[in-house]
>>> print(open('entry.txt').read())   # compact mmCIF, C-alpha atoms
# COMPACT_ATOMS: atom_id res chain seq x y z
CA MET A 1 14.80 -17.10 1.28
CA SER A 2 12.12 -17.16 3.95
CA LEU A 3 10.94 -13.95 5.47
CA ALA A 4 10.34 -13.63 9.16
CA TYR A 5 7.14 -11.69 9.63
CA GLN A 6 6.86 -9.66 12.75
CA ASN A 7 3.60 -7.88 12.76
CA SER A 8 2.83 -4.85 14.77
CA GLU A 9 -0.40 -2.94 14.68
CA ASP A 10 -0.62 0.75 15.26
CA LYS A 11 -3.42 3.17 15.94
CA THR A 12 -3.35 4.64 12.43
CA ASN A 13 -5.21 1.62 11.11
CA LYS A 14 -2.16 0.21 9.40
CA LYS A 15 -0.37 -3.02 10.01
CA GLU A 16 3.42 -2.96 9.72
CA ILE A 17 5.14 -6.03 8.41
CA LYS A 18 8.85 -6.05 9.12
CA ILE A 19 10.97 -7.22 6.22
CA ILE A 20 14.55 -6.00 6.76
CA LYS A 21 15.97 -7.09 3.45
CA LYS A 22 18.78 -5.65 1.37
CA VAL A 23 17.45 -4.20 -1.87
CA LEU A 24 20.55 -5.51 -3.62
CA GLY A 25 20.35 -8.81 -1.74
CA ALA A 26 19.67 -10.72 -4.95
CA ASN A 27 22.92 -9.40 -6.43
CA ASP A 28 24.86 -10.20 -3.24
CA ILE A 29 23.64 -13.80 -3.24
CA ILE A 30 24.85 -14.31 -6.83
CA ALA A 31 28.13 -12.49 -6.08
CA ASN A 32 28.81 -14.83 -3.15
CA LYS A 33 28.10 -17.85 -5.35
CA LEU A 34 30.55 -16.49 -7.94
CA ARG A 35 33.19 -15.86 -5.26
CA HIS A 36 32.83 -19.47 -4.12
CA GLN A 37 33.07 -20.67 -7.72
CA PHE A 38 36.22 -18.59 -8.33
CA THR A 39 37.87 -19.95 -5.18
CA GLU A 40 36.91 -23.51 -6.09
CA HIS A 41 38.54 -23.11 -9.50
CA ASN A 42 41.56 -21.28 -8.10
CA VAL A 43 40.88 -18.05 -9.98
CA PHE A 44 41.89 -14.58 -8.82
CA VAL A 45 39.44 -11.88 -9.92
CA LEU A 46 40.29 -8.23 -10.42
CA ASN A 47 37.50 -5.68 -10.90
CA MET A 48 38.80 -2.58 -12.70
CA MET A 49 36.71 0.57 -12.44
CA SER A 50 37.05 4.18 -13.54
CA SER A 51 35.36 7.03 -15.34
CA PRO A 52 35.06 6.79 -19.15
CA GLY A 53 38.26 7.65 -20.97
CA SER A 54 40.65 7.19 -18.06
CA GLY A 55 42.59 4.56 -19.98
CA LYS A 56 41.22 1.30 -18.57
CA THR A 57 41.45 -0.60 -21.84
CA THR A 58 44.99 0.58 -22.65
CA ILE A 59 46.14 -0.30 -19.12
CA LEU A 60 44.48 -3.67 -19.52
CA GLN A 61 46.15 -4.27 -22.91
CA LYS A 62 49.59 -3.46 -21.53
CA THR A 63 49.01 -5.32 -18.26
CA LEU A 64 47.83 -8.47 -20.05
CA ALA A 65 50.84 -8.41 -22.36
CA ILE A 66 53.04 -8.78 -19.27
CA VAL A 67 51.00 -10.90 -16.85
CA LYS A 68 50.04 -13.51 -19.46
CA LYS A 69 53.62 -14.75 -19.13
CA TYR A 70 52.94 -15.65 -15.50
CA PHE A 71 49.26 -16.57 -15.34
CA LYS A 72 46.55 -18.04 -17.52
CA CYS A 73 44.36 -14.99 -18.07
CA ALA A 74 40.80 -14.28 -19.18
CA VAL A 75 38.94 -11.00 -19.54
CA ILE A 76 35.36 -9.81 -19.24
CA VAL A 77 34.75 -6.34 -20.67
CA GLY A 78 31.64 -4.40 -19.84
CA ASP A 79 30.34 -1.60 -22.00
CA ILE A 80 26.93 -0.16 -22.56
CA CYS A 81 27.40 -0.55 -26.32
CA THR A 82 30.02 -1.56 -28.95
CA ARG A 83 32.61 -4.33 -29.11
CA ASN A 84 35.47 -1.86 -29.55
CA ASP A 85 37.18 -2.76 -26.28
CA ALA A 86 37.00 -6.48 -26.93
CA ASP A 87 38.41 -5.93 -30.43
CA ARG A 88 41.32 -3.95 -28.99
CA LEU A 89 42.07 -6.64 -26.42
CA VAL A 90 41.66 -9.71 -28.57
CA GLN A 91 45.14 -9.36 -30.03
CA ASN A 92 46.58 -10.50 -26.73
CA GLY A 93 45.40 -14.02 -27.59
CA ILE A 94 43.48 -14.28 -24.33
CA PRO A 95 39.85 -15.46 -23.93
CA ILE A 96 37.69 -12.37 -23.84
CA VAL A 97 33.97 -11.90 -23.33
CA GLN A 98 32.26 -8.62 -24.11
CA ILE A 99 29.14 -7.77 -22.13
CA ASN A 100 26.94 -5.09 -23.66
CA THR A 101 24.27 -3.96 -21.27
CA ASP A 102 22.14 -2.46 -24.04
CA LYS A 103 22.48 -1.36 -27.66
CA PHE A 104 20.97 2.03 -26.92
CA GLY A 105 22.43 2.65 -23.51
CA GLY A 106 21.56 0.33 -20.67
CA ASP A 107 22.88 -0.40 -17.23
CA CYS A 108 25.55 1.86 -15.78
CA HIS A 109 27.34 -0.99 -14.00
CA LEU A 110 27.97 -4.73 -14.23
CA THR A 111 25.95 -6.96 -11.94
CA ALA A 112 26.85 -10.38 -10.56
CA LEU A 113 24.14 -11.84 -12.79
CA ARG A 114 25.82 -10.52 -15.95
CA ILE A 115 29.20 -11.87 -14.80
CA GLY A 116 27.60 -15.28 -14.19
CA GLU A 117 26.25 -15.24 -17.77
CA ALA A 118 29.65 -14.23 -19.17
CA LEU A 119 31.29 -17.16 -17.35
CA GLU A 120 29.46 -19.55 -19.67
CA ASN A 121 32.04 -18.52 -22.25
CA ILE A 122 35.10 -18.76 -20.02
CA ASP A 123 36.76 -22.00 -18.96
CA LEU A 124 37.60 -21.39 -15.29
CA ASN A 125 39.69 -24.57 -15.20
CA LYS A 126 42.05 -22.87 -17.63
CA THR A 127 42.03 -19.49 -15.86
CA GLU A 128 44.16 -18.17 -13.00
CA LEU A 129 43.58 -14.45 -13.38
CA LEU A 130 40.23 -13.07 -14.51
CA ILE A 131 40.19 -9.34 -15.12
CA ILE A 132 36.81 -7.65 -15.32
CA GLU A 133 36.79 -4.23 -16.93
CA ASN A 134 33.70 -2.60 -15.52
CA ILE A 135 31.58 0.03 -17.26
CA GLY A 136 33.17 3.48 -17.28
CA ASN A 137 31.44 5.15 -14.34
CA LEU A 138 32.67 6.19 -10.90
CA VAL A 139 29.28 5.90 -9.22
CA CYS A 140 27.28 2.69 -9.57
CA PRO A 141 29.94 0.00 -10.10
CA ALA A 142 31.19 0.72 -6.56
CA GLU A 143 27.85 -0.43 -5.17
CA PHE A 144 27.70 -3.83 -6.89
CA ASP A 145 29.66 -6.81 -5.64
CA ILE A 146 30.58 -9.07 -8.57
CA GLY A 147 32.50 -11.69 -6.60
CA GLU A 148 35.91 -10.11 -7.15
CA ASP A 149 38.99 -10.51 -4.92
CA ILE A 150 40.08 -6.90 -5.32
CA LYS A 151 38.75 -3.70 -6.79
CA VAL A 152 41.11 -1.26 -8.46
CA ALA A 153 40.22 2.28 -9.50
CA ILE A 154 41.85 4.17 -12.33
CA LEU A 155 42.13 7.93 -12.18
CA SER A 156 43.82 9.86 -14.96
CA VAL A 157 45.64 13.16 -14.60
CA THR A 158 43.30 14.78 -17.12
CA GLU A 159 40.38 14.36 -14.71
CA GLY A 160 41.15 16.63 -11.77
CA GLU A 161 42.58 15.85 -8.34
CA ASP A 162 39.26 16.14 -6.52
CA LYS A 163 37.52 13.27 -8.33
CA PRO A 164 38.04 10.90 -5.34
CA ALA A 165 36.29 13.42 -3.06
CA LYS A 166 33.41 13.63 -5.54
CA TYR A 167 33.05 9.86 -5.81
CA PRO A 168 34.12 8.72 -2.35
CA LEU A 169 32.45 5.32 -2.29
CA MET A 170 34.48 4.19 -5.29
CA PHE A 171 37.75 5.15 -3.64
CA ARG A 172 36.70 3.74 -0.25
CA GLU A 173 35.91 0.37 -1.84
CA CYS A 174 39.11 -0.06 -3.86
CA SER A 175 42.43 -1.47 -2.65
CA ALA A 176 44.53 0.44 -5.16
CA THR A 177 44.36 3.42 -7.49
CA LEU A 178 46.23 3.56 -10.76
CA LEU A 179 47.02 7.20 -11.44
CA ASN A 180 47.23 7.03 -15.22
CA LYS A 181 48.55 9.30 -18.01
CA ILE A 182 51.44 10.71 -15.96
CA ASP A 183 53.19 11.36 -19.28
CA LEU A 184 50.74 14.29 -19.61
CA LEU A 185 51.69 15.89 -16.29
CA PRO A 186 53.79 18.66 -17.91
CA TYR A 187 50.71 19.80 -19.86
CA VAL A 188 47.93 19.66 -17.26
CA ASP A 189 47.29 21.32 -13.90
CA PHE A 190 47.21 18.14 -11.90
CA ASP A 191 49.17 17.71 -8.71
CA PRO A 192 49.63 13.99 -7.89
CA ALA A 193 50.49 14.82 -4.26
CA THR A 194 47.13 16.58 -3.79
CA ALA A 195 45.27 13.70 -5.42
CA LYS A 196 47.03 11.20 -3.17
CA LYS A 197 46.27 13.31 -0.10
CA ILE A 198 42.56 13.34 -0.96
CA ILE A 199 42.59 9.59 -1.62
CA LYS A 200 44.25 8.95 1.76
CA LEU A 201 41.53 10.89 3.59
CA ILE A 202 38.90 8.63 2.06
CA ASN A 203 40.88 5.42 2.26
CA PRO A 204 44.07 5.54 4.36
CA ASN A 205 45.04 2.03 3.26
CA MET A 206 44.84 2.81 -0.46
CA LEU A 207 47.93 2.18 -2.55
CA THR A 208 48.45 4.56 -5.45
CA PHE A 209 50.55 3.60 -8.46
CA GLU A 210 51.54 6.48 -10.70
CA LEU A 211 51.89 5.22 -14.24
CA SER A 212 51.44 5.84 -17.93
CA ALA A 213 49.77 3.20 -20.05
CA LYS A 214 51.24 4.92 -23.10
CA THR A 215 54.92 4.92 -22.10
CA GLU A 216 54.61 2.08 -19.53
CA GLU A 217 56.44 4.23 -17.00
CA GLY A 218 55.58 3.05 -13.49
CA PHE A 219 54.21 -0.29 -14.67
CA ASP A 220 56.81 -2.34 -12.76
CA LEU A 221 55.40 -1.53 -9.32
CA TRP A 222 51.79 -2.08 -10.39
CA ILE A 223 52.57 -5.40 -12.07
CA SER A 224 54.64 -6.71 -9.16
CA TRP A 225 51.86 -5.79 -6.70
CA LEU A 226 49.25 -7.52 -8.88
CA ARG A 227 51.46 -10.59 -9.32
CA LYS A 228 51.93 -10.82 -5.56
CA LYS A 229 48.16 -10.63 -4.98
CA VAL A 230 47.39 -13.31 -7.57
CA THR A 231 50.20 -15.61 -6.43
CA SER A 232 49.17 -15.41 -2.79
CA LYS A 233 45.62 -16.56 -3.62
CA LEU A 234 46.82 -19.32 -5.92
CA GLN A 235 49.25 -20.61 -3.28
CA THR A 236 46.71 -20.76 -0.49
CA GLU A 237 44.34 -22.93 -2.48
CA MET B 1 22.33 6.77 -11.08
CA HIS B 2 20.77 3.30 -11.16
CA GLU B 3 17.67 4.31 -9.19
CA MET B 4 15.26 2.82 -11.72
CA GLY B 5 16.78 -0.63 -11.25
CA ILE B 6 16.63 -0.16 -7.47
CA ALA B 7 12.96 0.93 -7.71
CA LEU B 8 12.14 -2.23 -9.71
CA GLU B 9 13.92 -4.38 -7.08
CA ILE B 10 11.91 -2.69 -4.34
CA ILE B 11 8.67 -3.43 -6.20
CA ASP B 12 9.64 -7.09 -6.64
CA ILE B 13 10.66 -7.53 -3.00
CA THR B 14 7.50 -5.80 -1.78
CA ILE B 15 5.21 -7.95 -3.93
CA ALA B 16 6.97 -11.08 -2.69
CA SER B 17 6.64 -9.94 0.92
CA VAL B 18 2.89 -9.42 1.06
CA PRO B 19 1.32 -12.15 3.24
CA HIS B 20 -0.69 -14.70 1.28
CA ASN B 21 -3.97 -13.68 2.84
CA ARG B 22 -3.57 -10.03 1.77
CA ARG B 23 -3.55 -8.28 -1.58
CA VAL B 24 -0.62 -6.34 -3.01
CA ASP B 25 -2.83 -3.30 -3.68
CA GLU B 26 -3.46 -3.05 0.08
CA VAL B 27 0.14 -1.96 0.66
CA LYS B 28 0.07 1.67 1.78
CA GLU B 29 3.63 2.34 2.73
CA ILE B 30 7.06 0.90 1.90
CA ASN B 31 9.70 1.91 4.43
CA ILE B 32 13.21 2.13 3.03
CA GLN B 33 16.53 2.99 4.65
CA ILE B 34 19.21 4.62 2.52
CA GLY B 35 22.65 5.31 3.91
CA LYS B 36 24.18 8.65 2.98
CA PHE B 37 27.26 6.75 1.76
CA SER B 38 25.34 4.69 -0.77
CA THR B 39 25.19 5.84 -4.37
CA VAL B 40 21.41 6.17 -4.36
CA SER B 41 19.65 9.52 -4.37
CA PRO B 42 16.39 9.50 -2.34
CA VAL B 43 14.77 12.13 -4.58
CA ASN B 44 15.56 10.20 -7.76
CA LEU B 45 14.52 6.93 -6.19
CA LYS B 46 11.09 8.34 -5.30
CA PHE B 47 10.75 9.73 -8.82
CA CYS B 48 11.65 6.36 -10.36
CA PHE B 49 9.47 4.41 -7.93
CA ASN B 50 6.42 6.51 -8.84
CA ILE B 51 6.98 5.85 -12.54
CA ALA B 52 7.78 2.15 -12.10
CA SER B 53 4.88 1.44 -9.75
CA ALA B 54 2.28 3.43 -11.72
CA ASP B 55 0.95 0.51 -13.74
CA THR B 56 1.28 -2.07 -11.01
CA GLU B 57 -0.74 -3.11 -8.00
CA LEU B 58 1.56 -0.87 -5.96
CA ALA B 59 0.39 2.28 -7.75
CA LYS B 60 -1.08 3.69 -4.55
CA ALA B 61 1.81 2.67 -2.28
CA HIS B 62 3.97 5.42 -0.88
CA LEU B 63 7.73 5.08 -0.63
CA SER B 64 8.95 6.43 2.69
CA ILE B 65 12.71 6.93 2.85
CA GLU B 66 14.75 7.24 6.02
CA VAL B 67 18.23 8.60 5.36
CA ILE B 68 20.84 6.98 7.61
CA PRO B 69 23.84 9.08 8.65
CA VAL B 70 27.40 7.97 8.07
CA ILE B 71 28.70 6.79 11.45
CA VAL B 72 32.26 5.57 11.88
CA LYS B 73 34.11 3.92 14.73
CA CYS B 74 37.80 4.42 15.43
CA GLN B 75 39.56 1.08 15.74
CA ASN B 76 42.20 2.69 17.93
CA CYS B 77 40.35 4.73 20.60
CA LYS B 78 36.89 3.23 19.93
CA ALA B 79 35.29 6.68 19.53
CA GLN B 80 32.12 6.58 17.48
CA PHE B 81 30.87 9.65 15.63
CA GLU B 82 29.02 10.91 12.57
CA ILE B 83 30.92 12.28 9.60
CA ASN B 84 29.46 14.73 7.09
CA GLU B 85 32.22 14.57 4.49
CA PRO B 86 34.26 11.62 3.26
CA ILE B 87 37.20 12.06 5.62
CA PHE B 88 37.91 8.78 7.35
CA LYS B 89 40.01 9.96 10.23
CA CYS B 90 39.31 9.86 13.98
CA LYS B 91 38.44 13.30 15.24
CA ILE B 92 39.54 12.34 18.78
CA CYS B 93 42.88 10.52 18.36
CA TYR B 94 43.46 11.36 14.66
CA GLY B 95 43.92 7.65 13.90
CA THR B 96 43.19 6.62 10.33
CA SER B 97 41.84 3.17 11.05
CA VAL B 98 38.13 3.91 11.15
CA GLU B 99 35.40 1.49 10.17
CA LEU B 100 31.93 2.27 8.88
CA VAL B 101 29.18 1.57 11.39
CA SER B 102 26.35 2.87 9.23
CA GLY B 103 25.83 4.76 6.01
CA ARG B 104 25.89 2.00 3.37
CA GLU B 105 22.26 0.90 3.92
CA LEU B 106 19.98 0.19 1.02
CA ASP B 107 17.35 -1.83 2.84
CA ILE B 108 13.63 -2.41 2.84
CA LYS B 109 12.72 -2.14 6.52
CA SER B 110 9.02 -2.88 6.41
CA ILE B 111 5.78 -2.52 4.52
CA GLU B 112 2.52 -1.21 5.94
CA ILE B 113 -0.80 -2.69 5.00
CA GLU B 114 -4.24 -1.34 5.71
CA ASN B 115 -5.67 -2.90 8.83
CA LYS B 116 -8.89 -4.73 8.06
CA GLU B 117 -10.05 -5.17 11.62
>>> encode(input="entry.txt", output="structure tokens")
Amino acid sequence: MSLAYQNSEDKTNKKEIKIIKKVLGANDIIANKLRHQFTEHNVFVLNMMSSPGSGKTTILQKTLAIVKKYFKCAVIVGDICTRNDADRLVQNGIPIVQINTDKFGGDCHLTALRIGEALENIDLNKTELLIIENIGNLVCPAEFDIGEDIKVAILSVTEGEDKPAKYPLMFRECSATLLNKIDLLPYVDFDPATAKKIIKLINPNMLTFELSAKTEEGFDLWISWLRKKVTSKLQTE
Amino acid sequence: MHEMGIALEIIDITIASVPHNRRVDEVKEINIQIGKFSTVSPVNLKFCFNIASADTELAKAHLSIEVIPVIVKCQNCKAQFEINEPIFKCKICYGTSVELVSGRELDIKSIEIENKE
């Protein structure tokens, strides 16, 4: 990329060189390339994000068990360390790539570069739905475009209703929230209505699906929404 | 949270932006814009930049950060205003279709180099 220099000299004996460049521009360029690649291969990409322990992997396990009947699926799982998530998911018989950012604790988010590397192990010609399970963190993953079609946040009822207000960028960036572990509602002080009200203030267009990955209650609505999203991209290609 | 990575990016971009006839160690100031609605903390970024630049040619460069307010525009009544909490609602017409005008910046605006003349 060429830089347009516009020099201006001031009286303080310094010369200012205008740059005007996004610090994360390098990531954005790769993310756009990935997006193009996904569209070319007719692949719908879902980026799943949440705090650690919200139930991402269990939701993914249960979701894959259903959607694999409709679409050819592949999964990229991001974790700082361990292959535990990949091992849990592998039983679905779906191609799965585990990204570890570092053995002793590395990046707090997945970057477009890491997704590009993971794609070397996924055949996009045989994939219609690629689900990326991001690193458990409500802060940084929201900032990094990884070429996805939609971002979905998971919030569990053991976390507190005000989490969206504490991590607003995450909830502003996502198209849907999965409110997980509703089977625990009788035992925790969590009011789904309050959580949804807070989410709506940050993102009025946000859809919230109340569900339990354990009992699969509420999965119908989430799955039918996801199927509709995937199908509409596949049909327009 | 990922300020160290951001600091390293800033160092790379700055080094690549120095004109060919000047030296990297002549950079005095790096001017950055950070939107309040980005996930980057200015204090932590400065801390990380100082550590990351210490053993480089940018050791003497100063990171100057301008914090950009979160400005939204109502798509309904076109009112434009600053918000200080993440409530995306028009304060004039109470419409909920508001778009971000600023606040997501994470940009290098310019660098300043000692004037030789």
>>> residues_around(input="entry.txt", residues="Leu64 of chain A", least_positions_apart="5", cutoff="9 Å", atoms="only C-alpha atoms", output="JSON, numbers by chain")
{"A": [59, 69, 73, 89, 92, 94]}
>>> interface_residues(input="entry.txt", of="chain B", to="chain A", cutoff="7 Å", atoms="only C-alpha atoms", output="PyMOL selection string")
chain B and resi 1-2+6+9-10+37+39+86-89+96+106-115
>>> atom_distance(input="entry.txt", atom1="atom CA of Glu161 of chain A", atom2="atom CA of Thr194 of chain A")
6.5 Å
>>> atom_distance(input="entry.txt", atom1="atom CA of Gly55 of chain A", atom2="atom CA of Pro186 of chain A")
18.1 Å
>>> residues_near_point(input="entry.txt", point="(28.4, 12.1, 7.7)", cutoff="6 Å", atoms="only C-alpha atoms", output="ChimeraX atom specification")
/B:69-70,82-85
>>> closest_residue(input="entry.txt", among="A:Asp79, A:Glu159, A:Glu173, A:Asp87", to="Phe144 of chain A", atoms="all atoms listed in the file")
A:Glu173
>>> atom_distance(input="entry.txt", atom1="atom CA of Gly136 of chain A", atom2="atom CA of Lys229 of chain A")
24.0 Å
>>> closest_residue(input="entry.txt", among="B:Ala61, B:Ala7, B:Ala16, B:Ala79", to="Val43 of chain B", atoms="all atoms listed in the file")
B:Ala7
